[in-house]
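File shown: query_32.pdb (PDB, C-alpha atoms).
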ATOM      1  CA  MET A 103      21.812   7.946  27.774
ATOM      2  CA  VAL A 104      18.697   9.960  27.094
ATOM      3  CA  GLU A 105      18.518  13.304  28.881
ATOM      4  CA  TRP A 106      15.190  14.465  30.275
ATOM      5  CA  SER A 107      14.582  17.996  31.493
ATOM      6  CA  GLU A 108      12.465  18.512  34.624
ATOM      7  CA  ASN A 109       9.776  19.937  32.387
ATOM      8  CA  GLU A 110       9.763  16.872  30.132
ATOM      9  CA  ARG A 111       9.562  14.531  33.118
ATOM     10  CA  SER A 112       6.620  16.402  34.497
ATOM     11  CA  ILE A 113       4.832  16.514  31.141
ATOM     12  CA  ILE A 114       5.164  12.736  30.749
ATOM     13  CA  SER A 115       4.092  12.114  34.304
ATOM     14  CA  ASN A 116       1.032  14.349  33.877
ATOM     15  CA  ILE A 117      -0.059  12.728  30.652
ATOM     16  CA  PHE A 118      -0.002   9.259  32.157
ATOM     17  CA  SER A 119      -1.536  10.156  35.497
ATOM     18  CA  ASN A 120      -4.522  11.603  33.633
ATOM     19  CA  LEU A 121      -4.890   8.651  31.293
ATOM     20  CA  ASP A 122      -7.679   6.104  31.664
ATOM     21  CA  TYR A 123      -5.721   3.008  30.652
ATOM     22  CA  ASN A 124      -8.892   0.979  30.202
ATOM     23  CA  ASP A 125     -10.112   3.474  27.629
ATOM     24  CA  ILE A 126      -6.961   4.615  25.871
ATOM     25  CA  GLY A 127      -5.205   1.239  25.646
ATOM     26  CA  PRO A 128      -7.972  -0.460  23.665
ATOM     27  CA  LYS A 129      -8.486   2.623  21.484
ATOM     28  CA  ALA A 130      -4.832   2.745  20.472
ATOM     29  CA  LEU A 131      -4.639  -0.953  19.611
ATOM     30  CA  VAL A 132      -7.979  -0.867  17.760
ATOM     31  CA  ARG A 133      -6.741   2.031  15.620
ATOM     32  CA  CYS A 134      -3.505   0.240  14.890
ATOM     33  CA  LEU A 135      -5.376  -2.845  13.642
ATOM     34  CA  ILE A 136      -7.704  -0.713  11.494
ATOM     35  CA  VAL A 137      -5.296   1.894  10.154
ATOM     36  CA  TYR A 138      -2.461  -0.610   9.572
ATOM     37  CA  PRO A 139      -4.396  -3.800   8.822
ATOM     38  CA  TRP A 140      -1.325  -5.972   8.301
ATOM     39  CA  THR A 141      -0.750  -5.772  12.051
ATOM     40  CA  GLN A 142      -3.749  -8.089  12.442
ATOM     41  CA  ARG A 143      -1.433 -10.942  11.512
ATOM     42  CA  TYR A 144      -0.201 -11.084  15.103
ATOM     43  CA  PHE A 145      -3.680 -11.519  16.501
ATOM     44  CA  THR A 146      -5.182 -14.401  14.560
ATOM     45  CA  SER A 147      -6.116 -16.077  17.835
ATOM     46  CA  PHE A 148      -8.229 -13.063  18.829
ATOM     47  CA  GLY A 149     -11.295 -14.141  16.904
ATOM     48  CA  ASN A 150     -13.289 -11.789  14.726
ATOM     49  CA  LEU A 151     -11.180  -8.965  13.265
ATOM     50  CA  TYR A 152     -13.106  -8.935  10.033
ATOM     51  CA  ASN A 153     -14.076  -5.276   9.970
ATOM     52  CA  ALA A 154     -13.695  -2.066  11.969
ATOM     53  CA  GLU A 155     -16.857  -2.786  13.955
ATOM     54  CA  ALA A 156     -15.653  -6.261  14.938
ATOM     55  CA  ILE A 157     -12.209  -4.985  15.900
ATOM     56  CA  SER A 158     -13.654  -2.108  17.965
ATOM     57  CA  THR A 159     -15.833  -4.459  19.999
ATOM     58  CA  ASN A 160     -13.454  -7.413  20.286
ATOM     59  CA  PRO A 161     -12.834  -8.072  24.003
ATOM     60  CA  LYS A 162      -9.447  -9.731  23.428
ATOM     61  CA  VAL A 163      -8.238  -6.681  21.540
ATOM     62  CA  ALA A 164      -9.428  -4.450  24.357
ATOM     63  CA  ALA A 165      -7.754  -6.565  27.037
ATOM     64  CA  HIS A 166      -4.524  -6.655  25.109
ATOM     65  CA  GLY A 167      -4.597  -2.906  24.517
ATOM     66  CA  ILE A 168      -4.845  -2.320  28.252
ATOM     67  CA  LYS A 169      -1.973  -4.717  28.902
ATOM     68  CA  VAL A 170       0.308  -3.071  26.333
ATOM     69  CA  LEU A 171      -0.428   0.430  27.646
ATOM     70  CA  HIS A 172       0.386  -0.675  31.186
ATOM     71  CA  GLY A 173       3.656  -1.932  29.770
ATOM     72  CA  LEU A 174       4.576   1.744  29.391
ATOM     73  CA  ASP A 175       4.449   2.093  33.190
ATOM     74  CA  ARG A 176       7.839   0.434  33.347
ATOM     75  CA  ALA A 177       9.343   3.198  31.246
ATOM     76  CA  LEU A 178       7.583   5.834  33.356
ATOM     77  CA  LYS A 179       9.145   4.437  36.505
ATOM     78  CA  ASN A 180      12.601   4.095  34.933
ATOM     79  CA  MET A 181      12.963   7.065  32.626
ATOM     80  CA  ASP A 182      16.723   7.127  33.050
ATOM     81  CA  ASN A 183      17.104   3.521  32.108
ATOM     82  CA  ILE A 184      14.449   2.644  29.569
ATOM     83  CA  LYS A 185      16.757   0.529  27.450
ATOM     84  CA  ALA A 186      17.684  -1.870  30.252
ATOM     85  CA  THR A 187      14.110  -1.859  31.541
ATOM     86  CA  TYR A 188      12.819  -3.238  28.237
ATOM     87  CA  ALA A 189      15.658  -5.630  27.428
ATOM     88  CA  GLU A 190      13.652  -8.730  28.389
ATOM     89  CA  LEU A 191      10.492  -7.526  26.635
ATOM     90  CA  SER A 192      12.572  -6.804  23.549
ATOM     91  CA  VAL A 193      13.924 -10.339  23.505
ATOM     92  CA  LEU A 194      10.389 -11.679  24.022
ATOM     93  CA  HIS A 195       9.008  -9.668  21.089
ATOM     94  CA  SER A 196      11.867 -10.746  18.871
ATOM     95  CA  GLU A 197      12.435 -14.386  19.721
ATOM     96  CA  LYS A 198       9.051 -15.588  20.914
ATOM     97  CA  LEU A 199       6.427 -13.279  19.389
ATOM     98  CA  HIS A 200       8.337 -12.510  16.169
ATOM     99  CA  VAL A 201       6.912  -8.999  15.959
ATOM    100  CA  ASP A 202       8.438  -6.818  13.251
ATOM    101  CA  PRO A 203       9.858  -3.889  15.236
ATOM    102  CA  ASP A 204       8.368  -1.419  12.731
ATOM    103  CA  ASN A 205       5.066  -2.175  14.406
ATOM    104  CA  PHE A 206       6.168  -0.552  17.654
ATOM    105  CA  LYS A 207       6.336   2.778  15.821
ATOM    106  CA  LEU A 208       2.920   2.210  14.255
ATOM    107  CA  LEU A 209       1.322   1.519  17.621
ATOM    108  CA  SER A 210       3.078   4.504  19.169
ATOM    109  CA  ASP A 211       1.715   6.699  16.352
ATOM    110  CA  CYS A 212      -1.811   5.456  17.052
ATOM    111  CA  LEU A 213      -1.361   6.079  20.764
ATOM    112  CA  THR A 214      -0.245   9.630  19.987
ATOM    113  CA  ILE A 215      -3.317  10.180  17.804
ATOM    114  CA  VAL A 216      -5.616   8.907  20.583
ATOM    115  CA  VAL A 217      -3.946  11.137  23.181
ATOM    116  CA  ALA A 218      -4.132  14.117  20.796
ATOM    117  CA  GLY A 219      -7.844  13.449  20.271
ATOM    118  CA  LYS A 220      -8.393  13.302  23.989
ATOM    119  CA  LEU A 221      -6.392  16.396  24.931
ATOM    120  CA  GLY A 222      -7.554  18.529  22.012
ATOM    121  CA  SER A 223      -6.109  22.023  22.233
ATOM    122  CA  ALA A 224      -4.211  20.967  25.362
ATOM    123  CA  PHE A 225      -2.041  18.805  23.096
ATOM    124  CA  THR A 226       0.391  21.636  22.533
ATOM    125  CA  PRO A 227       3.476  21.349  20.315
ATOM    126  CA  GLU A 228       5.596  21.121  23.476
ATOM    127  CA  ILE A 229       3.542  18.241  24.807
ATOM    128  CA  GLN A 230       3.646  16.558  21.399
ATOM    129  CA  ALA A 231       7.432  16.850  21.244
ATOM    130  CA  THR A 232       7.881  15.417  24.735
ATOM    131  CA  PHE A 233       5.400  12.581  24.300
ATOM    132  CA  GLN A 234       6.878  11.590  20.939
ATOM    133  CA  LYS A 235      10.380  11.682  22.403
ATOM    134  CA  PHE A 236       9.279   9.370  25.221
ATOM    135  CA  LEU A 237       7.610   6.938  22.840
ATOM    136  CA  ALA A 238      10.593   7.005  20.480
ATOM    137  CA  VAL A 239      12.883   5.971  23.330
ATOM    138  CA  VAL A 240      10.510   3.131  24.256
ATOM    139  CA  VAL A 241      10.255   2.007  20.625
ATOM    140  CA  SER A 242      14.010   2.043  20.293
ATOM    141  CA  ALA A 243      14.452   0.029  23.500
ATOM    142  CA  LEU A 244      11.940  -2.562  22.352
ATOM    143  CA  GLY A 245      13.820  -3.041  19.102
ATOM    144  CA  LYS A 246      17.256  -3.116  20.711
ATOM    145  CA  GLN A 247      17.607  -6.833  21.368
ATOM    146  CA  TYR A 248      16.562  -7.866  17.868
ATOM    147  CA  HIS A 249      19.135  -9.434  15.648
TER     148      HIS A 249
ATOM    149  CA  MET B  36      -2.853   3.299  -9.330
ATOM    150  CA  VAL B  37      -4.208   3.731  -5.854
ATOM    151  CA  GLU B  38      -7.583   2.126  -5.233
ATOM    152  CA  TRP B  39     -10.042   3.990  -3.053
ATOM    153  CA  THR B  40     -13.171   2.408  -1.632
ATOM    154  CA  ASP B  41     -16.313   4.547  -1.646
ATOM    155  CA  ALA B  42     -16.066   4.736   2.128
ATOM    156  CA  GLU B  43     -12.500   6.039   1.924
ATOM    157  CA  ARG B  44     -13.379   8.632  -0.713
ATOM    158  CA  SER B  45     -16.245   9.953   1.283
ATOM    159  CA  ALA B  46     -14.240   9.937   4.543
ATOM    160  CA  ILE B  47     -11.494  12.006   2.905
ATOM    161  CA  ILE B  48     -13.867  14.443   1.232
ATOM    162  CA  ASN B  49     -15.984  14.880   4.367
ATOM    163  CA  LEU B  50     -12.982  15.457   6.579
ATOM    164  CA  TRP B  51     -11.472  17.883   4.078
ATOM    165  CA  GLY B  52     -14.746  19.798   4.079
ATOM    166  CA  LYS B  53     -14.417  20.340   7.826
ATOM    167  CA  ILE B  54     -10.802  21.460   7.752
ATOM    168  CA  ASP B  55      -9.996  25.166   7.842
ATOM    169  CA  VAL B  56      -6.644  25.322   6.022
ATOM    170  CA  GLY B  57      -5.938  28.682   7.615
ATOM    171  CA  GLU B  58      -6.180  27.053  11.023
ATOM    172  CA  ILE B  59      -4.730  23.573  10.610
ATOM    173  CA  GLY B  60      -1.994  24.548   8.142
ATOM    174  CA  PRO B  61      -0.206  26.999  10.461
ATOM    175  CA  GLN B  62      -0.596  24.616  13.411
ATOM    176  CA  ALA B  63       0.886  21.705  11.499
ATOM    177  CA  LEU B  64       3.847  23.666  10.162
ATOM    178  CA  SER B  65       4.565  25.213  13.593
ATOM    179  CA  ARG B  66       4.539  21.766  15.106
ATOM    180  CA  LEU B  67       6.945  20.482  12.492
ATOM    181  CA  LEU B  68       9.374  23.315  13.230
ATOM    182  CA  ILE B  69       9.080  22.770  16.993
ATOM    183  CA  VAL B  70       9.021  18.974  17.190
ATOM    184  CA  TYR B  71      11.515  18.423  14.363
ATOM    185  CA  PRO B  72      13.685  21.521  14.666
ATOM    186  CA  TRP B  73      16.020  20.611  11.827
ATOM    187  CA  GLY B  74      13.076  21.477   9.574
ATOM    188  CA  GLN B  75      13.828  25.101  10.368
ATOM    189  CA  ARG B  76      16.744  24.970   7.953
ATOM    190  CA  TYR B  77      14.345  25.533   5.060
ATOM    191  CA  PHE B  78      12.930  28.691   6.580
ATOM    192  CA  GLN B  79      15.939  30.897   7.297
ATOM    193  CA  ALA B  80      14.148  33.741   5.536
ATOM    194  CA  PHE B  81      11.217  33.576   7.925
ATOM    195  CA  GLY B  82      12.753  35.613  10.724
ATOM    196  CA  ASP B  83      12.475  34.672  14.379
ATOM    197  CA  LEU B  84      12.177  30.923  14.948
ATOM    198  CA  SER B  85      14.226  30.941  18.123
ATOM    199  CA  THR B  86      11.533  29.805  20.587
ATOM    200  CA  ASN B  87       8.279  27.855  20.447
ATOM    201  CA  ALA B  88       6.369  31.071  21.054
ATOM    202  CA  ALA B  89       8.259  32.818  18.251
ATOM    203  CA  ILE B  90       7.451  30.008  15.832
ATOM    204  CA  MET B  91       3.779  29.875  16.808
ATOM    205  CA  GLY B  92       3.442  33.648  16.470
ATOM    206  CA  ASN B  93       5.470  33.989  13.278
ATOM    207  CA  PRO B  94       3.229  35.338  10.497
ATOM    208  CA  LYS B  95       5.411  33.935   7.692
ATOM    209  CA  VAL B  96       5.137  30.466   9.209
ATOM    210  CA  ALA B  97       1.382  30.889   9.446
ATOM    211  CA  GLN B  98       1.086  32.067   5.871
ATOM    212  CA  HIS B  99       3.259  29.278   4.571
ATOM    213  CA  GLY B 100       1.388  26.681   6.607
ATOM    214  CA  LYS B 101      -1.828  27.869   5.007
ATOM    215  CA  THR B 102      -0.301  27.688   1.516
ATOM    216  CA  VAL B 103       1.034  24.169   2.009
ATOM    217  CA  MET B 104      -2.197  22.872   3.538
ATOM    218  CA  GLY B 105      -4.182  24.500   0.742
ATOM    219  CA  GLY B 106      -2.038  22.521  -1.669
ATOM    220  CA  LEU B 107      -3.848  19.379  -0.520
ATOM    221  CA  GLU B 108      -6.998  20.642  -2.244
ATOM    222  CA  ASN B 109      -5.605  19.482  -5.567
ATOM    223  CA  ALA B 110      -5.136  15.977  -4.263
ATOM    224  CA  VAL B 111      -8.647  15.827  -2.802
ATOM    225  CA  LYS B 112     -10.040  16.884  -6.190
ATOM    226  CA  ASN B 113      -7.865  14.383  -8.065
ATOM    227  CA  LEU B 114      -7.886  11.315  -5.855
ATOM    228  CA  ASP B 115      -7.424   9.016  -8.833
ATOM    229  CA  ASN B 116      -4.421  10.822 -10.194
ATOM    230  CA  ILE B 117      -2.431  12.208  -7.311
ATOM    231  CA  THR B 118       0.973  11.177  -8.681
ATOM    232  CA  LYS B 119       0.533  13.159 -11.867
ATOM    233  CA  THR B 120      -1.175  16.062 -10.093
ATOM    234  CA  TYR B 121       1.935  16.651  -7.981
ATOM    235  CA  ALA B 122       4.626  15.924 -10.579
ATOM    236  CA  LYS B 123       5.563  19.584 -11.034
ATOM    237  CA  LEU B 124       5.486  20.343  -7.307
ATOM    238  CA  SER B 125       7.681  17.312  -6.744
ATOM    239  CA  THR B 126      10.263  18.529  -9.234
ATOM    240  CA  MET B 127      10.177  21.977  -7.637
ATOM    241  CA  HIS B 128      10.719  20.614  -4.115
ATOM    242  CA  SER B 129      13.605  18.524  -5.353
ATOM    243  CA  GLU B 130      15.416  20.759  -7.804
ATOM    244  CA  LYS B 131      14.619  24.248  -6.600
ATOM    245  CA  LEU B 132      13.791  23.991  -2.889
ATOM    246  CA  HIS B 133      16.064  21.008  -2.096
ATOM    247  CA  VAL B 134      13.673  19.692   0.552
ATOM    248  CA  ASP B 135      14.552  16.263   1.955
ATOM    249  CA  PRO B 136      11.465  14.209   1.078
ATOM    250  CA  ASP B 137      11.413  12.681   4.549
ATOM    251  CA  ASN B 138      10.023  16.024   5.671
ATOM    252  CA  PHE B 139       6.822  15.406   3.730
ATOM    253  CA  ARG B 140       6.146  12.347   5.845
ATOM    254  CA  VAL B 141       6.876  14.241   9.031
ATOM    255  CA  LEU B 142       4.617  17.152   8.050
ATOM    256  CA  ALA B 143       1.858  14.669   7.183
ATOM    257  CA  GLU B 144       2.204  13.212  10.685
ATOM    258  CA  CYS B 145       1.876  16.685  12.208
ATOM    259  CA  ILE B 146      -1.192  17.392  10.056
ATOM    260  CA  SER B 147      -2.858  14.176  11.269
ATOM    261  CA  LEU B 148      -2.147  15.048  14.884
ATOM    262  CA  CYS B 149      -3.614  18.551  14.470
ATOM    263  CA  VAL B 150      -6.698  17.061  12.845
ATOM    264  CA  ALA B 151      -7.033  14.453  15.629
ATOM    265  CA  ALA B 152      -6.703  17.140  18.308
ATOM    266  CA  LYS B 153      -9.126  19.499  16.582
ATOM    267  CA  PHE B 154     -11.924  17.078  15.781
ATOM    268  CA  GLY B 155     -11.588  14.450  18.501
ATOM    269  CA  PRO B 156     -12.243  10.728  18.173
ATOM    270  CA  SER B 157     -15.951  11.023  17.359
ATOM    271  CA  VAL B 158     -15.134  12.681  14.017
ATOM    272  CA  PHE B 159     -11.593  11.393  13.517
ATOM    273  CA  THR B 160     -12.637   7.779  14.007
ATOM    274  CA  ALA B 161     -10.331   4.826  13.314
ATOM    275  CA  GLU B 162     -11.855   4.435   9.850
ATOM    276  CA  VAL B 163     -11.487   8.115   9.027
ATOM    277  CA  GLN B 164      -7.901   7.977  10.312
ATOM    278  CA  GLU B 165      -7.196   5.015   8.029
ATOM    279  CA  ALA B 166      -8.545   6.814   4.956
ATOM    280  CA  TRP B 167      -6.881  10.122   5.827
ATOM    281  CA  GLN B 168      -3.461   8.617   6.525
ATOM    282  CA  LYS B 169      -3.670   6.547   3.351
ATOM    283  CA  PHE B 170      -4.505   9.757   1.472
ATOM    284  CA  LEU B 171      -1.576  11.631   3.012
ATOM    285  CA  SER B 172       0.822   8.785   2.316
ATOM    286  CA  VAL B 173      -0.167   8.862  -1.364
ATOM    287  CA  VAL B 174       0.451  12.627  -1.399
ATOM    288  CA  VAL B 175       3.807  12.161   0.328
ATOM    289  CA  SER B 176       4.774   9.494  -2.177
ATOM    290  CA  ALA B 177       3.738  11.684  -5.130
ATOM    291  CA  LEU B 178       5.778  14.601  -3.810
ATOM    292  CA  GLY B 179       8.841  12.403  -3.535
ATOM    293  CA  ARG B 180       8.344  10.825  -6.920
ATOM    294  CA  GLN B 181      10.340  13.164  -9.156
ATOM    295  CA  TYR B 182      13.370  13.187  -6.876
ATOM    296  CA  HIS B 183      16.515  11.622  -8.184
TER     297      HIS B 183
END
Written as structure tokens, how would this file's structure read?
Amino acid sequence: MVEWSENERSIISNIFSNLDYNDIGPKALVRCLIVYPWTQRYFTSFGNLYNAEAISTNPKVAAHGIKVLHGLDRALKNMDNIKATYAELSVLHSEKLHVDPDNFKLLSDCLTIVVAGKLGSAFTPEIQATFQKFLAVVVSALGKQYH
Amino acid sequence: MVEWTDAERSAIINLWGKIDVGEIGPQALSRLLIVYPWGQRYFQAFGDLSTNAAIMGNPKVAQHGKTVMGGLENAVKNLDNITKTYAKLSTMHSEKLHVDPDNFRVLAECISLCVAAKFGPSVFTAEVQEAWQKFLSVVVSALGRQYH
């Protein structure tokens, strides 16, 4: 089981309580689709993803970004049991959505970049380490039920 | 050979022009040593790395961070020939320094995060991020190329 220090718990909690999900969610997903363009393959029903401009203004991308970011709330509320918390979502991503689990890491990298851009100098190495640890546990949990 | 669009070339060159290697280099290397502590194994000669504060205040870390970051200048100037440009450095990292090439990828990640934090999303836009990360991944690949 993953161990979290009190400090780590409070860092994670602070990051998320200061996050505007409606802003950060879309930004992270938009970056993922632009920086790693092969990820667009999962969103062919989203309409125009033809260039960076189209992706950045696509309302379906934005809505989905918000939804995915809120999905992290489950981990926040269950930090001592992230694996079990995401078991169903992991099965969904594997068996229904057929998402290559490498993509979870790519999206988590983009989310980290967006948070770093927002926090600026407040994105200290300690905060980076804690945030990346949290996301790595989530990413691992989401890939766990794949076979 | 890696293909660069004009937009990517100019994004990389513009961003590079804004980067102070003496600032970002030390930050990126400190982060690597803090966030991925096994990286410290390569820097036994650097003295005190026992706490985050020690790492961030360590002058040898700072100096080395600056050196490594400055090494990217060669790649920026030789975008069409990065593999060859880094062939010697690659051999050195493999045969003399014995650095696990996975560390190049991890340092590149730390560099991108420092750049994102420093310049914010209005400069480090999604398109700039795409070009910059593509650039770093070519550098990382070139540095790992001569390993065997």
Original post:
Taking (-13.8, -9.9, 15.2) in the file's coordinates as the center, which residues reach within 12 Å of it, counting all atoms listed in the file, put as a PyMOL selection string?
Top reply: chain A and resi 132+135-136+142+145-164
For a cut-off of 10 Å around (13.0, 22.3, 17.0), file coordinates, pick out all residues using all atoms listed in the file and list them as an mmCIF file with C-alpha atoms, in the frame of the given file.
data_model
loop_
_atom_site.group_PDB
_atom_site.id
_atom_site.type_symbol
_atom_site.label_atom_id
_atom_site.label_comp_id
_atom_site.auth_asym_id
_atom_site.auth_seq_id
_atom_site.Cartn_x
_atom_site.Cartn_y
_atom_site.Cartn_z
ATOM 1 C CA GLU A 228 5.596 21.121 23.476
ATOM 2 C CA ALA A 231 7.432 16.850 21.244
ATOM 3 C CA SER B 65 4.565 25.213 13.593
ATOM 4 C CA ARG B 66 4.539 21.766 15.106
ATOM 5 C CA LEU B 67 6.945 20.482 12.492
ATOM 6 C CA LEU B 68 9.374 23.315 13.230
ATOM 7 C CA ILE B 69 9.080 22.770 16.993
ATOM 8 C CA VAL B 70 9.021 18.974 17.190
ATOM 9 C CA TYR B 71 11.515 18.423 14.363
ATOM 10 C CA PRO B 72 13.685 21.521 14.666
ATOM 11 C CA TRP B 73 16.020 20.611 11.827
ATOM 12 C CA GLY B 74 13.076 21.477 9.574
ATOM 13 C CA GLN B 75 13.828 25.101 10.368
ATOM 14 C CA LEU B 84 12.177 30.923 14.948
ATOM 15 C CA SER B 85 14.226 30.941 18.123
ATOM 16 C CA THR B 86 11.533 29.805 20.587
ATOM 17 C CA ASN B 87 8.279 27.855 20.447
ATOM 18 C CA ILE B 90 7.451 30.008 15.832
#
**OP:** List the residues selected by the ChimeraX specification (/B :<10) & /A in the file shown, writing them as a PyMOL selection string.
**Re:** chain A and resi 129-130+132-139+153-155+158+211-212+214-232+234-235
Skip Arg44 (chain B) itself and residues of its chain fewer than 3 positions away, then list as a PDB file with C-alpha atoms, in the coordinates of the input all residues within 9 Å of it, counting only C-alpha atoms.
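The file below, selection_11.pdb, is the result:
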ATOM      1  CA  TRP B  39     -10.042   3.990  -3.053  1.00  0.00           C
ATOM      2  CA  THR B  40     -13.171   2.408  -1.632  1.00  0.00           C
ATOM      3  CA  ASP B  41     -16.313   4.547  -1.646  1.00  0.00           C
ATOM      4  CA  ILE B  47     -11.494  12.006   2.905  1.00  0.00           C
ATOM      5  CA  ILE B  48     -13.867  14.443   1.232  1.00  0.00           C
ATOM      6  CA  ASN B  49     -15.984  14.880   4.367  1.00  0.00           C
ATOM      7  CA  VAL B 111      -8.647  15.827  -2.802  1.00  0.00           C
ATOM      8  CA  LEU B 114      -7.886  11.315  -5.855  1.00  0.00           C
ATOM      9  CA  ALA B 166      -8.545   6.814   4.956  1.00  0.00           C
TER      10      ALA B 166
END
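In this model, the gap between CA of Arg111 (chain A) and CA of Lys207 (chain A) comes to 21.2 Å.
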Excluding Asn183 (chain A) and any residue of its chain fewer than 5 positions from it, enumerate the residues within 12 Å of it, using all atoms listed in the file, and give them as a compact mmCIF listing (two decimals) with C-alpha atoms, keeping the file's coordinate frame.
# COMPACT_ATOMS: atom_id res chain seq x y z
CA MET A 103 21.81 7.95 27.77
CA VAL A 104 18.70 9.96 27.09
CA GLU A 105 18.52 13.30 28.88
CA TRP A 106 15.19 14.46 30.28
CA ARG A 176 7.84 0.43 33.35
CA ALA A 177 9.34 3.20 31.25
CA LEU A 178 7.58 5.83 33.36
CA TYR A 188 12.82 -3.24 28.24
CA ALA A 189 15.66 -5.63 27.43
CA PHE A 236 9.28 9.37 25.22
CA VAL A 239 12.88 5.97 23.33
CA VAL A 240 10.51 3.13 24.26
CA ALA A 243 14.45 0.03 23.50
**OP:** Return the single residue from A:Asn109, A:Ser115, A:Asn124, A:Thr141 that is closest to Lys179 (chain A), with distances computed using only C-alpha atoms.
**Re:**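 Smallest separation from Lys179 (chain A) among the options: A:Ser115.
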Take the PyMOL selection byres ((chain A and resi 168-170) around 6), run it mentally on this structure, and tell me the resulting residues as a compact mmCIF listing (two decimals) with C-alpha atoms, in the coordinates of the input.
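What ended up in expr-v1.txt:
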# COMPACT_ATOMS: atom_id res chain seq x y z
CA TYR A 123 -5.72 3.01 30.65
CA ASN A 124 -8.89 0.98 30.20
CA GLY A 127 -5.20 1.24 25.65
CA PRO A 128 -7.97 -0.46 23.66
CA ALA A 165 -7.75 -6.56 27.04
CA HIS A 166 -4.52 -6.66 25.11
CA GLY A 167 -4.60 -2.91 24.52
CA LEU A 171 -0.43 0.43 27.65
CA HIS A 172 0.39 -0.68 31.19
CA GLY A 173 3.66 -1.93 29.77
Original post:
How many Å separate CA of Ser107 (chain A) from CA of Asp125 (chain A)?
Top reply: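 A separation of 28.9 Å between them.
Taking CA of Leu237 (chain A) as the reference point, CA of Ser192 (chain A) is found at 14.6 Å.
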Original post:
Of the residues B:Ser172, B:Thr102, B:Gln181, B:Asn93, which is the one nearest to His128 (chain B), using all atoms listed in the file?
Top reply: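 Nearest to His128 (chain B): B:Gln181.
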Where is the centre and how long are the edges: axis-aligned box on region 123-129 of chain B, 8 Å on each side, Å to one decimal, as AutoDock Vina command-line options:
--center_x 9.5 --center_y 19.6 --center_z -7.6 --size_x 24.1 --size_y 20.7 --size_z 22.9
**OP:** Choose the residue, out of B:Val96, B:Leu171, B:Val141, B:Ala177, that has the smallest atom-to-atom separation from Gly60 (chain B); count all atoms listed in the file.
**Re:**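 Of B:Val96, B:Leu171, B:Val141, B:Ala177, the one nearest Gly60 (chain B) is B:Val96, counting all atoms listed in the file.
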Missing atoms in region 130-142 of chain B: fill them in up to N, CA and C atoms and send the result as a PDB file, in the coordinates of the input.
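For reference, selection-v9.pdb as written:
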ATOM      1  N   GLU B 130      14.367  20.049  -7.070  1.00  0.00           N
ATOM      2  CA  GLU B 130      15.416  20.759  -7.804  1.00  0.00           C
ATOM      3  C   GLU B 130      15.582  22.210  -7.384  1.00  0.00           C
ATOM      4  N   LYS B 131      14.504  22.832  -6.947  1.00  0.00           N
ATOM      5  CA  LYS B 131      14.619  24.248  -6.600  1.00  0.00           C
ATOM      6  C   LYS B 131      14.723  24.443  -5.086  1.00  0.00           C
ATOM      7  N   LEU B 132      13.834  23.769  -4.336  1.00  0.00           N
ATOM      8  CA  LEU B 132      13.791  23.991  -2.889  1.00  0.00           C
ATOM      9  C   LEU B 132      14.734  23.068  -2.113  1.00  0.00           C
ATOM     10  N   HIS B 133      15.161  21.962  -2.744  1.00  0.00           N
ATOM     11  CA  HIS B 133      16.064  21.008  -2.096  1.00  0.00           C
ATOM     12  C   HIS B 133      15.547  20.553  -0.734  1.00  0.00           C
ATOM     13  N   VAL B 134      14.259  20.168  -0.696  1.00  0.00           N
ATOM     14  CA  VAL B 134      13.673  19.692   0.552  1.00  0.00           C
ATOM     15  C   VAL B 134      13.856  18.181   0.643  1.00  0.00           C
ATOM     16  N   ASP B 135      14.447  17.707   1.734  1.00  0.00           N
ATOM     17  CA  ASP B 135      14.552  16.263   1.955  1.00  0.00           C
ATOM     18  C   ASP B 135      13.145  15.674   1.997  1.00  0.00           C
ATOM     19  N   PRO B 136      12.851  14.700   1.149  1.00  0.00           N
ATOM     20  CA  PRO B 136      11.465  14.209   1.078  1.00  0.00           C
ATOM     21  C   PRO B 136      10.965  13.549   2.357  1.00  0.00           C
ATOM     22  N   ASP B 137      11.871  13.214   3.269  1.00  0.00           N
ATOM     23  CA  ASP B 137      11.413  12.681   4.549  1.00  0.00           C
ATOM     24  C   ASP B 137      10.548  13.708   5.290  1.00  0.00           C
ATOM     25  N   ASN B 138      10.796  14.985   4.990  1.00  0.00           N
ATOM     26  CA  ASN B 138      10.023  16.024   5.671  1.00  0.00           C
ATOM     27  C   ASN B 138       8.543  16.000   5.307  1.00  0.00           C
ATOM     28  N   PHE B 139       8.236  15.471   4.128  1.00  0.00           N
ATOM     29  CA  PHE B 139       6.822  15.406   3.730  1.00  0.00           C
ATOM     30  C   PHE B 139       6.086  14.460   4.665  1.00  0.00           C
ATOM     31  N   ARG B 140       6.750  13.357   4.978  1.00  0.00           N
ATOM     32  CA  ARG B 140       6.146  12.347   5.845  1.00  0.00           C
ATOM     33  C   ARG B 140       5.937  12.933   7.246  1.00  0.00           C
ATOM     34  N   VAL B 141       6.922  13.672   7.696  1.00  0.00           N
ATOM     35  CA  VAL B 141       6.876  14.241   9.031  1.00  0.00           C
ATOM     36  C   VAL B 141       5.802  15.324   9.125  1.00  0.00           C
ATOM     37  N   LEU B 142       5.670  16.130   8.060  1.00  0.00           N
ATOM     38  CA  LEU B 142       4.617  17.152   8.050  1.00  0.00           C
ATOM     39  C   LEU B 142       3.252  16.483   8.024  1.00  0.00           C
TER      40      LEU B 142
END
